[in-house]
file target22.cif (mmCIF, C-alpha atoms and all ligand atoms)
data_input
loop_
_atom_site.group_PDB
_atom_site.id
_atom_site.type_symbol
_atom_site.label_atom_id
_atom_site.label_comp_id
_atom_site.auth_asym_id
_atom_site.auth_seq_id
_atom_site.Cartn_x
_atom_site.Cartn_y
_atom_site.Cartn_z
ATOM 1 C CA MET A 949 54.821 35.577 -45.077
ATOM 2 C CA SER A 950 51.985 37.984 -45.567
ATOM 3 C CA VAL A 951 48.568 38.892 -44.232
ATOM 4 C CA ARG A 952 45.904 38.041 -46.812
ATOM 5 C CA PRO A 953 42.533 39.773 -47.258
ATOM 6 C CA VAL A 954 39.680 37.908 -45.533
ATOM 7 C CA VAL A 955 36.807 36.983 -47.845
ATOM 8 C CA ILE A 956 33.329 38.049 -46.685
ATOM 9 C CA THR A 957 30.157 35.946 -46.921
ATOM 10 C CA GLY A 958 28.487 36.017 -50.328
ATOM 11 C CA ASP A 959 31.630 34.991 -52.198
ATOM 12 C CA PRO A 960 31.207 31.529 -53.775
ATOM 13 C CA VAL A 961 34.541 30.281 -52.347
ATOM 14 C CA LEU A 962 32.904 30.299 -48.890
ATOM 15 C CA HIS A 963 29.781 28.475 -50.007
ATOM 16 C CA ARG A 964 31.132 25.423 -51.827
ATOM 17 C CA PRO A 965 33.088 22.409 -50.568
ATOM 18 C CA ALA A 966 36.860 22.856 -50.644
ATOM 19 C CA ALA A 967 39.153 20.385 -52.436
ATOM 20 C CA LYS A 968 41.498 17.916 -50.746
ATOM 21 C CA VAL A 969 45.165 18.841 -50.522
ATOM 22 C CA THR A 970 47.237 16.456 -52.642
ATOM 23 C CA GLU A 971 50.729 18.045 -52.534
ATOM 24 C CA PHE A 972 52.459 18.420 -49.163
ATOM 25 C CA ASP A 973 55.118 20.783 -50.462
ATOM 26 C CA ASP A 974 56.744 24.134 -49.686
ATOM 27 C CA SER A 975 53.921 26.113 -51.273
ATOM 28 C CA LEU A 976 51.454 24.391 -48.916
ATOM 29 C CA ARG A 977 53.642 25.335 -45.949
ATOM 30 C CA GLU A 978 53.891 28.945 -47.185
ATOM 31 C CA LEU A 979 50.111 29.088 -47.470
ATOM 32 C CA ILE A 980 49.775 27.801 -43.887
ATOM 33 C CA ALA A 981 52.285 30.406 -42.647
ATOM 34 C CA ASP A 982 50.186 33.127 -44.298
ATOM 35 C CA MET A 983 47.050 31.683 -42.692
ATOM 36 C CA HIS A 984 48.613 31.893 -39.216
ATOM 37 C CA GLU A 985 49.753 35.459 -39.862
ATOM 38 C CA THR A 986 46.322 36.471 -41.159
ATOM 39 C CA MET A 987 44.530 34.738 -38.259
ATOM 40 C CA ASP A 988 46.742 36.531 -35.731
ATOM 41 C CA ALA A 989 46.383 39.942 -37.395
ATOM 42 C CA ALA A 990 42.602 39.416 -37.334
ATOM 43 C CA HIS A 991 42.660 38.298 -33.654
ATOM 44 C CA GLY A 992 40.891 35.118 -34.731
ATOM 45 C CA VAL A 993 40.968 31.735 -32.976
ATOM 46 C CA GLY A 994 40.726 29.878 -36.265
ATOM 47 C CA LEU A 995 40.987 30.411 -40.000
ATOM 48 C CA ALA A 996 40.050 28.118 -42.872
ATOM 49 C CA ALA A 997 41.770 28.379 -46.274
ATOM 50 C CA PRO A 998 38.547 29.340 -48.128
ATOM 51 C CA GLN A 999 38.443 32.447 -45.918
ATOM 52 C CA ILE A 1000 41.487 33.774 -47.761
ATOM 53 C CA GLY A 1001 40.050 32.668 -51.085
ATOM 54 C CA VAL A 1002 41.852 29.312 -51.314
ATOM 55 C CA GLY A 1003 39.495 26.374 -51.822
ATOM 56 C CA LEU A 1004 41.570 23.748 -50.005
ATOM 57 C CA ARG A 1005 40.782 21.596 -46.965
ATOM 58 C CA ILE A 1006 43.074 23.262 -44.413
ATOM 59 C CA PHE A 1007 42.464 25.225 -41.258
ATOM 60 C CA THR A 1008 44.658 26.856 -38.618
ATOM 61 C CA PHE A 1009 43.777 27.556 -34.988
ATOM 62 C CA VAL A 1010 45.169 29.152 -31.848
ATOM 63 C CA PHE A 1011 43.279 28.260 -28.709
ATOM 64 C CA ASP A 1012 44.522 27.456 -25.194
ATOM 65 C CA ASN A 1013 42.940 24.103 -24.467
ATOM 66 C CA ASP A 1014 42.931 21.433 -21.777
ATOM 67 C CA ASP A 1015 42.626 18.722 -24.378
ATOM 68 C CA ASP A 1016 45.551 16.672 -25.641
ATOM 69 C CA ALA A 1017 46.122 19.038 -28.567
ATOM 70 C CA PRO A 1018 48.554 21.825 -29.378
ATOM 71 C CA ASN A 1019 47.437 25.359 -28.487
ATOM 72 C CA ARG A 1020 48.409 26.455 -31.983
ATOM 73 C CA GLY A 1021 48.297 24.293 -35.034
ATOM 74 C CA GLU A 1022 46.835 23.375 -38.360
ATOM 75 C CA ILE A 1023 45.167 20.349 -39.872
ATOM 76 C CA ILE A 1024 44.882 19.249 -43.477
ATOM 77 C CA ASN A 1025 42.139 17.079 -45.033
ATOM 78 C CA PRO A 1026 40.457 16.625 -41.633
ATOM 79 C CA VAL A 1027 37.749 14.124 -40.770
ATOM 80 C CA LEU A 1028 35.480 15.244 -37.920
ATOM 81 C CA THR A 1029 33.464 13.037 -35.562
ATOM 82 C CA VAL A 1030 30.869 15.113 -33.730
ATOM 83 C CA GLY A 1031 29.178 14.352 -30.389
ATOM 84 C CA LYS A 1032 25.520 14.910 -29.647
ATOM 85 C CA ILE A 1033 24.199 18.458 -30.027
ATOM 86 C CA SER A 1034 21.736 19.636 -27.363
ATOM 87 C CA GLU A 1035 18.273 20.542 -28.636
ATOM 88 C CA GLN A 1036 17.930 23.310 -26.061
ATOM 89 C CA ARG A 1037 17.924 26.916 -27.190
ATOM 90 C CA PRO A 1038 21.380 28.494 -27.387
ATOM 91 C CA ASP A 1039 22.386 30.922 -24.631
ATOM 92 C CA PRO A 1040 22.885 34.390 -26.202
ATOM 93 C CA ASP A 1041 25.629 35.261 -23.713
ATOM 94 C CA GLU A 1042 27.488 31.982 -23.348
ATOM 95 C CA GLU A 1043 27.117 30.509 -26.840
ATOM 96 C CA ALA A 1044 27.459 33.473 -29.206
ATOM 97 C CA GLU A 1045 29.733 32.577 -32.098
ATOM 98 C CA GLY A 1046 31.466 34.889 -34.563
ATOM 99 C CA CYS A 1047 33.296 34.497 -37.867
ATOM 100 C CA LEU A 1048 35.941 36.596 -39.588
ATOM 101 C CA SER A 1049 33.937 36.142 -42.817
ATOM 102 C CA VAL A 1050 30.832 37.683 -41.215
ATOM 103 C CA PRO A 1051 32.718 40.648 -39.769
ATOM 104 C CA GLY A 1052 31.251 42.511 -36.830
ATOM 105 C CA TYR A 1053 28.453 40.076 -35.982
ATOM 106 C CA SER A 1054 27.848 37.256 -33.554
ATOM 107 C CA PHE A 1055 24.866 34.978 -33.055
ATOM 108 C CA PRO A 1056 24.226 32.160 -30.580
ATOM 109 C CA LEU A 1057 24.380 28.569 -31.699
ATOM 110 C CA LYS A 1058 24.372 25.146 -30.042
ATOM 111 C CA ARG A 1059 27.379 22.973 -30.827
ATOM 112 C CA ALA A 1060 28.531 19.545 -29.732
ATOM 113 C CA GLU A 1061 30.573 19.591 -26.503
ATOM 114 C CA TRP A 1062 32.910 16.911 -27.840
ATOM 115 C CA VAL A 1063 34.552 16.111 -31.159
ATOM 116 C CA ARG A 1064 37.365 13.978 -32.475
ATOM 117 C CA ILE A 1065 39.371 15.264 -35.396
ATOM 118 C CA ALA A 1066 41.886 13.395 -37.538
ATOM 119 C CA GLY A 1067 43.892 14.608 -40.511
ATOM 120 C CA PHE A 1068 47.430 15.434 -41.596
ATOM 121 C CA ASP A 1069 50.176 17.861 -40.654
ATOM 122 C CA PRO A 1070 51.976 20.019 -43.272
ATOM 123 C CA HIS A 1071 54.424 17.161 -43.948
ATOM 124 C CA GLY A 1072 51.681 14.634 -44.623
ATOM 125 C CA GLN A 1073 51.975 12.838 -41.266
ATOM 126 C CA PRO A 1074 48.721 11.706 -39.632
ATOM 127 C CA ILE A 1075 47.556 13.673 -36.577
ATOM 128 C CA ALA A 1076 44.435 13.437 -34.397
ATOM 129 C CA TRP A 1077 42.992 14.681 -31.121
ATOM 130 C CA GLU A 1078 39.816 15.056 -29.160
ATOM 131 C CA ALA A 1079 38.423 18.472 -28.265
ATOM 132 C CA THR A 1080 35.890 19.604 -25.658
ATOM 133 C CA GLY A 1081 33.969 22.763 -24.825
ATOM 134 C CA TRP A 1082 34.891 25.898 -26.762
ATOM 135 C CA PHE A 1083 37.845 24.160 -28.392
ATOM 136 C CA ALA A 1084 35.365 21.625 -29.792
ATOM 137 C CA ARG A 1085 33.294 24.572 -31.046
ATOM 138 C CA VAL A 1086 36.328 25.997 -32.858
ATOM 139 C CA MET A 1087 36.948 22.618 -34.530
ATOM 140 C CA GLN A 1088 33.313 22.398 -35.678
ATOM 141 C CA HIS A 1089 33.262 25.990 -36.935
ATOM 142 C CA GLU A 1090 36.476 25.678 -38.947
ATOM 143 C CA TYR A 1091 35.620 22.242 -40.279
ATOM 144 C CA ASP A 1092 32.283 23.597 -41.539
ATOM 145 C CA HIS A 1093 34.158 26.145 -43.681
ATOM 146 C CA LEU A 1094 35.740 23.252 -45.593
ATOM 147 C CA ASP A 1095 32.274 21.993 -46.503
ATOM 148 C CA GLY A 1096 31.164 25.444 -47.646
ATOM 149 C CA LYS A 1097 29.112 26.074 -44.543
ATOM 150 C CA LEU A 1098 29.119 29.154 -42.283
ATOM 151 C CA TYR A 1099 27.855 29.252 -38.696
ATOM 152 C CA VAL A 1100 25.042 31.579 -39.805
ATOM 153 C CA ASP A 1101 23.768 28.678 -41.966
ATOM 154 C CA ARG A 1102 23.257 26.633 -38.770
ATOM 155 C CA LEU A 1103 21.312 29.149 -36.658
ATOM 156 C CA ASP A 1104 17.851 28.351 -35.330
ATOM 157 C CA GLU A 1105 14.846 30.078 -36.882
ATOM 158 C CA LYS A 1106 14.853 33.088 -34.558
ATOM 159 C CA TRP A 1107 18.534 33.895 -34.959
ATOM 160 C CA SER A 1108 18.607 32.959 -38.618
ATOM 161 C CA ARG A 1109 16.004 35.623 -39.314
ATOM 162 C CA LYS A 1110 18.131 38.243 -37.553
ATOM 163 C CA ALA A 1111 21.272 37.126 -39.369
ATOM 164 C CA ARG A 1112 19.635 37.196 -42.804
ATOM 165 C CA LYS A 1113 18.387 40.717 -42.163
ATOM 166 C CA ALA A 1114 21.840 41.869 -41.019
ATOM 167 C CA LEU A 1115 23.621 40.337 -44.029
ATOM 168 C CA LYS A 1116 21.081 41.796 -46.420
ATOM 169 C CA GLY A 1117 21.593 45.211 -44.821
ATOM 170 C CA GLU A 1118 25.342 44.925 -45.383
ATOM 171 C CA GLY A 1119 24.851 44.033 -49.049
ATOM 172 C CA TRP A 1120 26.979 40.884 -48.689
ATOM 173 C CA ARG A 1121 25.442 38.927 -51.513
ATOM 174 C CA GLU A 1122 28.106 38.702 -54.173
ATOM 175 C CA ALA A 1123 31.738 37.810 -54.752
ATOM 176 C CA GLY A 1124 34.672 40.055 -54.040
ATOM 177 C CA ASN A 1125 33.957 41.628 -50.636
ATOM 178 C CA THR A 1126 36.990 41.415 -48.351
ATOM 179 C CA TRP A 1127 38.598 43.103 -45.378
ATOM 180 C CA THR A 1128 42.300 43.178 -44.582
ATOM 181 C CA PRO A 1129 43.381 42.618 -40.964
ATOM 182 C CA GLY A 1130 45.778 45.289 -39.733
ATOM 183 C CA ILE A 1131 44.699 47.689 -42.488
ATOM 184 C CA ASP A 1132 40.921 47.927 -42.299
ATOM 185 C CA GLU A 1133 39.305 48.791 -38.976
ATOM 186 C CA ASP A 1134 38.958 45.680 -36.796
ATOM 187 C CA PRO A 1135 35.316 44.634 -37.187
ATOM 188 C CA PHE A 1136 35.226 43.006 -33.750
ATOM 189 C CA GLY A 1137 36.841 45.972 -31.992
ATOM 190 C CA HIS A 1138 40.033 44.182 -30.917
HETATM 191 ZN ZN ZN B 1 34.429 31.334 -39.657
#

call {"tool": "encode", "arguments": {"input": "target22.cif", "output": "C-alpha cells", "more": "lines below"}}
Ligand SMILES: [Zn+2]
result
Amino acid sequence: MSVRPVVITGDPVLHRPAAKVTEFDDSLRELIADMHETMDAAHGVGLAAPQIGVGLRIFTFVFDNDDDAPNRGEIINPVLTVGKISEQRPDPDEEAEGCLSVPGYSFPLKRAEWVRIAGFDPHGQPIAWEATGWFARVMQHEYDHLDGKLYVDRLDEKWSRKARKALKGEGWREAGNTWTPGIDEDPFGH
C-alpha cells in the first residue's frame, strides 16, 4: 500500500467523467487500499479515484454515520438518487464544504439532506444504502468527482466569484499540480 499524490483542480482527470470499472480483480483492490491510505494521510472523509489521477468510478469514505451504512467503505460504479435541494442561501458556518483537490479552501454550498446510493463492493457484489445530513453531503461530493464535477462548480454566484478568484490566484489552471499527504504541509491544518 502507498500514499498517492492528490491531484489539484485544473488537471483534466478531475474535469471529465470517469470510466466504469469492468474488472473486479486484485489490482482494483490494491488501488482501493491505496485510496484509503491516501484519504487517511490527508485527513479526508472521502476520496474519489480521479483525485489520485485514476479515471475510474470508485470512491472511498470514512464517516461516522447514523445511517445503515458502514463508517468506512468504498463503492464502485455507484448510482446516486438525490433528494430535494433547498433553494435557500447556504450557511457559511454550517454548510462550508472542502475538497482535497482544492487544498486549503472551503466554500458554502447547499446539498440534499437525503440520498440513496447503490453500486458494487470490491468483489463485484451489489451494495446500497441511504444517507442523511453530512453523510449525504459526502456521498454527493464524492459522486460528483466521478462525473468530473467539483464542489466549486456548484457554488452560487456570490461564492463562485470568490472561488474563481482564489483558484486564479493559486495558478491552478493546468495539469500536473499535486500535493502529497504526509509529505507536503497539510493544506487544511490538520
Ligand atoms: Zn473532493

call {"tool": "residues_around", "arguments": {"input": "target22.cif", "residues": "segment 981-988 of chain A", "least_positions_apart": "2", "cutoff": "10 Å", "atoms": "all atoms listed in the file", "output": "VMD selection string"}}
result
chain A and resid 949 to 954 975 to 979 990 to 997 999 to 1000 1006 to 1010 1020 to 1022 1048 1128 to 1130

call {"tool": "residues_near_ligand", "arguments": {"input": "target22.cif", "ligand": "ligand ZN 1 (chain B)", "cutoff": "10 Å", "atoms": "all atoms listed in the file", "output": "VMD selection string"}}
result
chain A and resid 956 to 957 962 992 to 996 998 to 999 1045 to 1051 1086 1088 to 1093 1097 to 1100

call {"tool": "resolve_selection", "arguments": {"input": "target22.cif", "expression": "the PyMOL selection byres (((chain A and resi 1031) around 7) and not hetatm)", "output": "mmCIF file with C-alpha atoms, in the coordinates of the input"}}
result
data_model
loop_
_atom_site.group_PDB
_atom_site.id
_atom_site.type_symbol
_atom_site.label_atom_id
_atom_site.label_comp_id
_atom_site.auth_asym_id
_atom_site.auth_seq_id
_atom_site.Cartn_x
_atom_site.Cartn_y
_atom_site.Cartn_z
ATOM 1 C CA THR A 1029 33.464 13.037 -35.562
ATOM 2 C CA VAL A 1030 30.869 15.113 -33.730
ATOM 3 C CA LYS A 1032 25.520 14.910 -29.647
ATOM 4 C CA ILE A 1033 24.199 18.458 -30.027
ATOM 5 C CA ALA A 1060 28.531 19.545 -29.732
ATOM 6 C CA GLU A 1061 30.573 19.591 -26.503
ATOM 7 C CA TRP A 1062 32.910 16.911 -27.840
ATOM 8 C CA VAL A 1063 34.552 16.111 -31.159
#

call {"tool": "resolve_selection", "arguments": {"input": "target22.cif", "expression": "the PyMOL selection byres (((chain A and resi 967) around 6) and not hetatm)", "output": "MDAnalysis selection string"}}
result
chainID A and resid 966 968 1004:1005

call {"tool": "axis_aligned_box", "arguments": {"input": "target22.cif", "around": "segment 1097-1111 of chain A", "padding_each_side": "8 Å", "output": "lines of an AutoDock Vina configuration file"}}
result
center_x = 22.0
center_y = 32.2
center_z = -39.6
size_x = 30.3
size_y = 28.2
size_z = 26.0

call {"tool": "closest_residue", "arguments": {"input": "target22.cif", "among": "A:Ile1023, A:Val955, A:Leu1103, A:Ala989", "to": "Gln1073 of chain A", "atoms": "all atoms listed in the file"}}
result
A:Ile1023

call {"tool": "closest_residue", "arguments": {"input": "target22.cif", "among": "A:Ala1017, A:Leu1057, A:Ala1123, A:Ile1065", "to": "Glu1105 of chain A", "atoms": "only C-alpha atoms"}}
result
A:Leu1057

call {"tool": "closest_residue", "arguments": {"input": "target22.cif", "among": "A:Gly1137, A:Val969, A:Tyr1053, A:Val1002", "to": "Arg1112 of chain A", "atoms": "only C-alpha atoms"}}
result
A:Tyr1053

call {"tool": "resolve_selection", "arguments": {"input": "target22.cif", "expression": "the PyMOL selection byres (((chain A and resi 1058) around 8) and not hetatm)", "output": "number ranges by chain"}}
result
A: 1033-1038, 1043, 1056-1057, 1059-1060

call {"tool": "atom_distance", "arguments": {"input": "target22.cif", "atom1": "atom CA of Asp1039 of chain A", "atom2": "atom CA of Phe1055 of chain A"}}
result
9.7 Å
